[in-house]
$ cat query-v1.txt   # compact mmCIF, N, CA and C atoms
# COMPACT_ATOMS: atom_id res chain seq x y z
N MET A 1 -5.05 5.88 69.94
CA MET A 1 -3.67 6.30 70.00
C MET A 1 -3.24 6.77 68.61
N ALA A 2 -2.69 7.95 68.50
CA ALA A 2 -2.27 8.50 67.21
C ALA A 2 -1.00 7.81 66.73
N ASP A 3 -0.87 7.72 65.39
CA ASP A 3 0.34 7.17 64.80
C ASP A 3 1.47 8.16 64.98
N ARG A 4 2.52 7.74 65.65
CA ARG A 4 3.66 8.62 65.91
C ARG A 4 4.46 8.83 64.64
N GLY A 5 4.70 10.08 64.28
CA GLY A 5 5.57 10.39 63.16
C GLY A 5 5.03 10.04 61.80
N LYS A 6 3.71 9.88 61.63
CA LYS A 6 3.14 9.54 60.33
C LYS A 6 2.37 10.73 59.78
N THR A 7 2.66 11.06 58.52
CA THR A 7 2.01 12.19 57.86
C THR A 7 1.55 11.76 56.48
N THR A 8 0.33 12.13 56.12
CA THR A 8 -0.19 11.88 54.77
C THR A 8 -0.59 13.22 54.16
N ILE A 9 -0.13 13.46 52.92
CA ILE A 9 -0.46 14.68 52.19
C ILE A 9 -1.09 14.24 50.88
N ILE A 10 -2.31 14.74 50.59
CA ILE A 10 -2.99 14.43 49.33
C ILE A 10 -3.32 15.74 48.65
N ARG A 11 -2.85 15.89 47.40
CA ARG A 11 -3.10 17.11 46.65
C ARG A 11 -3.74 16.74 45.32
N THR A 12 -4.80 17.45 44.96
CA THR A 12 -5.51 17.20 43.72
C THR A 12 -5.65 18.52 42.97
N GLY A 13 -5.46 18.47 41.65
CA GLY A 13 -5.64 19.66 40.85
C GLY A 13 -4.37 20.04 40.11
N THR A 14 -4.41 21.16 39.43
CA THR A 14 -3.29 21.57 38.61
C THR A 14 -2.27 22.35 39.41
N GLY A 15 -1.02 22.33 38.95
CA GLY A 15 0.04 23.12 39.54
C GLY A 15 0.45 22.70 40.95
N SER A 16 0.31 21.45 41.28
CA SER A 16 0.58 20.96 42.63
C SER A 16 2.07 20.74 42.85
N THR A 17 2.63 21.35 43.91
CA THR A 17 4.03 21.12 44.28
C THR A 17 4.10 20.79 45.76
N ALA A 18 5.11 20.03 46.13
CA ALA A 18 5.30 19.69 47.55
C ALA A 18 6.78 19.60 47.83
N THR A 19 7.19 20.12 48.98
CA THR A 19 8.56 20.02 49.46
C THR A 19 8.52 19.38 50.84
N ILE A 20 9.28 18.29 51.00
CA ILE A 20 9.33 17.57 52.26
C ILE A 20 10.79 17.50 52.70
N VAL A 21 11.07 17.98 53.91
CA VAL A 21 12.42 17.89 54.47
C VAL A 21 12.28 17.25 55.85
N ARG A 22 13.02 16.16 56.06
CA ARG A 22 12.92 15.46 57.34
C ARG A 22 14.30 15.03 57.80
N HIS A 23 14.59 15.29 59.06
CA HIS A 23 15.89 14.94 59.64
C HIS A 23 15.68 14.14 60.92
N ASN A 24 16.34 13.01 61.03
CA ASN A 24 16.41 12.23 62.27
C ASN A 24 15.05 11.93 62.89
N ASP A 25 14.18 11.30 62.14
CA ASP A 25 12.88 10.86 62.65
C ASP A 25 12.75 9.37 62.36
N PRO A 26 13.37 8.50 63.19
CA PRO A 26 13.46 7.09 62.86
C PRO A 26 12.13 6.36 62.76
N ASP A 27 11.08 6.88 63.38
CA ASP A 27 9.77 6.24 63.26
C ASP A 27 8.89 6.94 62.24
N GLY A 28 9.46 7.89 61.52
CA GLY A 28 8.67 8.73 60.64
C GLY A 28 8.31 8.07 59.33
N THR A 29 7.07 8.26 58.92
CA THR A 29 6.58 7.81 57.63
C THR A 29 5.82 8.97 57.00
N ILE A 30 6.17 9.29 55.76
CA ILE A 30 5.44 10.33 55.03
C ILE A 30 4.90 9.72 53.74
N ARG A 31 3.61 9.95 53.47
CA ARG A 31 2.99 9.52 52.23
C ARG A 31 2.47 10.76 51.51
N LEU A 32 2.90 10.94 50.27
CA LEU A 32 2.48 12.07 49.45
C LEU A 32 1.78 11.55 48.22
N GLU A 33 0.56 12.04 47.97
CA GLU A 33 -0.17 11.71 46.74
C GLU A 33 -0.45 13.01 46.00
N GLN A 34 -0.15 13.01 44.70
CA GLN A 34 -0.45 14.16 43.85
C GLN A 34 -1.20 13.63 42.63
N HIS A 35 -2.41 14.16 42.40
CA HIS A 35 -3.25 13.69 41.30
C HIS A 35 -3.68 14.86 40.44
N GLY A 36 -3.54 14.71 39.12
CA GLY A 36 -4.02 15.71 38.18
C GLY A 36 -2.96 16.73 37.82
N GLY A 37 -3.04 17.24 36.61
CA GLY A 37 -2.22 18.35 36.15
C GLY A 37 -0.73 18.20 36.28
N ASP A 38 -0.09 19.29 36.58
CA ASP A 38 1.37 19.34 36.72
C ASP A 38 1.72 19.15 38.19
N HIS A 39 2.68 18.28 38.48
CA HIS A 39 3.12 18.15 39.85
C HIS A 39 4.62 18.01 39.94
N ALA A 40 5.13 18.46 41.08
CA ALA A 40 6.55 18.34 41.39
C ALA A 40 6.67 18.04 42.87
N ALA A 41 7.60 17.16 43.20
CA ALA A 41 7.86 16.82 44.60
C ALA A 41 9.35 16.84 44.84
N LEU A 42 9.76 17.45 45.94
CA LEU A 42 11.15 17.44 46.39
C LEU A 42 11.14 16.88 47.80
N ALA A 43 11.88 15.78 48.02
CA ALA A 43 11.93 15.16 49.34
C ALA A 43 13.38 14.96 49.74
N VAL A 44 13.72 15.37 50.96
CA VAL A 44 15.06 15.20 51.51
C VAL A 44 14.92 14.46 52.83
N GLN A 45 15.59 13.31 52.95
CA GLN A 45 15.61 12.54 54.19
C GLN A 45 17.04 12.40 54.68
N SER A 46 17.26 12.71 55.94
CA SER A 46 18.57 12.43 56.52
C SER A 46 18.35 11.87 57.91
N GLY A 47 19.09 10.87 58.24
CA GLY A 47 18.90 10.17 59.50
C GLY A 47 18.86 8.68 59.22
N SER A 48 18.12 7.95 60.02
CA SER A 48 18.06 6.50 59.87
C SER A 48 16.65 5.99 60.03
N GLY A 49 16.29 5.00 59.22
CA GLY A 49 15.03 4.30 59.37
C GLY A 49 13.79 5.07 58.98
N GLU A 50 13.91 6.07 58.12
CA GLU A 50 12.76 6.86 57.70
C GLU A 50 12.12 6.25 56.47
N LYS A 51 10.79 6.45 56.31
CA LYS A 51 10.06 5.90 55.18
C LYS A 51 9.35 7.03 54.43
N LEU A 52 9.36 6.95 53.10
CA LEU A 52 8.73 7.95 52.25
C LEU A 52 8.03 7.23 51.10
N SER A 53 6.79 7.61 50.84
CA SER A 53 6.03 7.06 49.72
C SER A 53 5.47 8.22 48.92
N ILE A 54 5.78 8.27 47.61
CA ILE A 54 5.27 9.32 46.73
C ILE A 54 4.50 8.65 45.60
N SER A 55 3.27 9.10 45.37
CA SER A 55 2.45 8.61 44.27
C SER A 55 1.98 9.81 43.46
N GLN A 56 2.33 9.83 42.17
CA GLN A 56 1.95 10.94 41.29
C GLN A 56 1.21 10.36 40.09
N SER A 57 0.04 10.92 39.78
CA SER A 57 -0.69 10.48 38.60
C SER A 57 -1.25 11.70 37.88
N GLY A 58 -1.25 11.64 36.56
CA GLY A 58 -1.73 12.76 35.76
C GLY A 58 -0.78 13.06 34.63
N ALA A 59 -0.81 14.28 34.14
CA ALA A 59 -0.08 14.65 32.94
C ALA A 59 1.43 14.73 33.12
N SER A 60 1.92 15.41 34.11
CA SER A 60 3.37 15.62 34.28
C SER A 60 3.76 15.31 35.71
N ALA A 61 4.70 14.40 35.88
CA ALA A 61 5.15 14.03 37.22
C ALA A 61 6.66 14.21 37.29
N ASP A 62 7.10 14.95 38.30
CA ASP A 62 8.53 15.19 38.51
C ASP A 62 8.82 15.00 39.99
N ALA A 63 9.80 14.17 40.30
CA ALA A 63 10.16 13.94 41.70
C ALA A 63 11.67 13.94 41.85
N VAL A 64 12.14 14.60 42.90
CA VAL A 64 13.55 14.61 43.26
C VAL A 64 13.63 14.14 44.70
N VAL A 65 14.38 13.06 44.95
CA VAL A 65 14.51 12.48 46.28
C VAL A 65 15.99 12.40 46.64
N THR A 66 16.34 12.87 47.83
CA THR A 66 17.70 12.76 48.34
C THR A 66 17.64 12.05 49.68
N GLN A 67 18.42 10.97 49.82
CA GLN A 67 18.49 10.23 51.08
C GLN A 67 19.93 10.23 51.56
N ASP A 68 20.10 10.53 52.85
CA ASP A 68 21.42 10.52 53.47
C ASP A 68 21.28 9.88 54.84
N GLY A 69 22.07 8.90 55.12
CA GLY A 69 21.99 8.22 56.40
C GLY A 69 21.97 6.72 56.18
N ALA A 70 21.23 6.01 57.01
CA ALA A 70 21.21 4.56 56.93
C ALA A 70 19.78 4.04 56.99
N CYS A 71 19.52 3.02 56.19
CA CYS A 71 18.27 2.25 56.23
C CYS A 71 17.02 3.10 55.99
N ASN A 72 17.12 4.11 55.13
CA ASN A 72 15.96 4.88 54.72
C ASN A 72 15.29 4.17 53.55
N ASP A 73 13.98 4.32 53.42
CA ASP A 73 13.20 3.58 52.43
C ASP A 73 12.30 4.55 51.66
N THR A 74 12.36 4.50 50.33
CA THR A 74 11.51 5.34 49.49
C THR A 74 10.85 4.50 48.42
N GLU A 75 9.55 4.72 48.22
CA GLU A 75 8.82 4.14 47.10
C GLU A 75 8.21 5.29 46.32
N LEU A 76 8.44 5.29 45.01
CA LEU A 76 7.98 6.35 44.13
C LEU A 76 7.23 5.72 42.97
N ALA A 77 5.97 6.11 42.78
CA ALA A 77 5.17 5.61 41.66
C ALA A 77 4.67 6.80 40.86
N GLN A 78 4.89 6.74 39.55
CA GLN A 78 4.46 7.81 38.65
C GLN A 78 3.68 7.20 37.49
N ALA A 79 2.48 7.73 37.23
CA ALA A 79 1.66 7.29 36.10
C ALA A 79 1.21 8.53 35.35
N GLY A 80 1.72 8.71 34.14
CA GLY A 80 1.38 9.89 33.35
C GLY A 80 2.29 9.99 32.15
N ALA A 81 2.18 11.09 31.44
CA ALA A 81 2.93 11.27 30.20
C ALA A 81 4.33 11.81 30.42
N GLY A 82 4.54 12.62 31.44
CA GLY A 82 5.83 13.30 31.61
C GLY A 82 6.59 12.87 32.84
N ASN A 83 6.75 11.59 33.05
CA ASN A 83 7.39 11.09 34.26
C ASN A 83 8.88 11.41 34.29
N SER A 84 9.35 11.91 35.45
CA SER A 84 10.76 12.19 35.64
C SER A 84 11.10 11.98 37.11
N ALA A 85 12.16 11.21 37.37
CA ALA A 85 12.58 10.96 38.74
C ALA A 85 14.10 11.07 38.85
N THR A 86 14.56 11.77 39.88
CA THR A 86 15.98 11.86 40.20
C THR A 86 16.16 11.45 41.65
N VAL A 87 17.00 10.44 41.88
CA VAL A 87 17.22 9.93 43.23
C VAL A 87 18.72 9.97 43.53
N THR A 88 19.08 10.57 44.67
CA THR A 88 20.47 10.61 45.12
C THR A 88 20.52 9.98 46.51
N GLN A 89 21.44 9.03 46.68
CA GLN A 89 21.57 8.36 47.97
C GLN A 89 23.02 8.39 48.44
N SER A 90 23.21 8.60 49.75
CA SER A 90 24.52 8.43 50.36
C SER A 90 24.29 7.80 51.72
N GLY A 91 25.24 7.05 52.18
CA GLY A 91 25.09 6.31 53.42
C GLY A 91 25.04 4.83 53.13
N SER A 92 24.41 4.06 54.00
CA SER A 92 24.37 2.62 53.79
C SER A 92 22.97 2.08 54.05
N GLY A 93 22.63 1.02 53.31
CA GLY A 93 21.37 0.32 53.53
C GLY A 93 20.14 1.07 53.08
N ASN A 94 20.28 2.15 52.33
CA ASN A 94 19.13 2.88 51.83
C ASN A 94 18.50 2.11 50.67
N ARG A 95 17.17 2.23 50.51
CA ARG A 95 16.46 1.49 49.49
C ARG A 95 15.51 2.44 48.77
N VAL A 96 15.44 2.30 47.45
CA VAL A 96 14.47 3.06 46.67
C VAL A 96 13.87 2.15 45.61
N VAL A 97 12.57 2.29 45.38
CA VAL A 97 11.87 1.59 44.31
C VAL A 97 11.15 2.66 43.50
N VAL A 98 11.41 2.69 42.19
CA VAL A 98 10.77 3.65 41.29
C VAL A 98 9.95 2.88 40.27
N ARG A 99 8.66 3.21 40.17
CA ARG A 99 7.79 2.61 39.16
C ARG A 99 7.22 3.74 38.31
N GLN A 100 7.41 3.64 37.00
CA GLN A 100 6.92 4.66 36.08
C GLN A 100 6.14 3.97 34.97
N GLY A 101 5.04 4.60 34.55
CA GLY A 101 4.26 4.04 33.47
C GLY A 101 3.27 5.05 32.93
N PRO A 102 2.51 4.64 31.92
CA PRO A 102 1.50 5.54 31.35
C PRO A 102 0.35 5.77 32.32
N ALA A 103 -0.44 6.77 32.01
CA ALA A 103 -1.61 7.06 32.83
C ALA A 103 -2.54 5.85 32.86
N GLN A 104 -3.15 5.62 34.01
CA GLN A 104 -4.07 4.50 34.17
C GLN A 104 -5.44 4.86 33.60
N LYS A 105 -6.06 3.91 32.91
CA LYS A 105 -7.41 4.13 32.39
C LYS A 105 -8.42 3.59 33.38
N ASP A 106 -9.54 4.32 33.54
CA ASP A 106 -10.59 3.87 34.46
C ASP A 106 -11.42 2.78 33.85
$ encode --input "query-v1.txt" --output "structure tokens"
Amino acid sequence: MADRGKTTIIRTGTGSTATIVRHNDPDGTIRLEQHGGDHAALAVQSGSGEKLSISQSGASADAVVTQDGACNDTELAQAGAGNSATVTQSGSGNRVVVRQGPAQKD
């Protein structure tokens, strides 16, 4: 049985950008991973009960997240030299966790 409303996007390499727009998908979960080089992510969630996970690692990480509605959940992790995050929320019960730090050593 397929996972309803679940999407995973993995991008590797330089110049990686992603735009995610989701409206009224209460069972929806999106996971975005961007590794290496320059990356930018724009995510817009409106509705209720949506989940978003963004993981960016490498030299430059930029994420813009907008949540509108109720009980939406976002987790954003950035590891690199140029971390930048902008989060805008309206509605009630929305949650965001932002973790930023230096690049991880192997």
$ atom_distance --input "query-v1.txt" --atom1 "atom CA of A:His35" --atom2 "atom CA of A:Gly58"
5.8 Å
$ residues_near_point --input "query-v1.txt" --point "(16.4, 10.2, 53.8)" --cutoff "7 Å" --atoms "all atoms listed in the file" --output "VMD selection string"
chain A and resid 22 43 to 48 50 66 to 69 72 to 73
$ select_by_dssp --input "query-v1.txt" --residues "stretch 15-100 of chain A" --states "strand (DSSP E or B)" --output "PyMOL selection string"
chain A and resi 16-23+29-35+38-48+51-70+73-92+95-100
$ residues_around --input "query-v1.txt" --residues "A:Val98" --least-positions-apart "6" --cutoff "7 Å" --atoms "only N, CA and C atoms" --output "list in words"
Thr74, Glu75, Leu76, Ala77 and Gln78 of chain A
$ closest_residue --input "query-v1.txt" --among "A:Val65, A:Ile54, A:Val96, A:Cys71" --to "A:Pro26" --atoms "only C-alpha atoms"
A:Cys71
$ atom_distance --input "query-v1.txt" --atom1 "atom CA of A:Ser92" --atom2 "atom N of A:Ala70"
5.6 Å
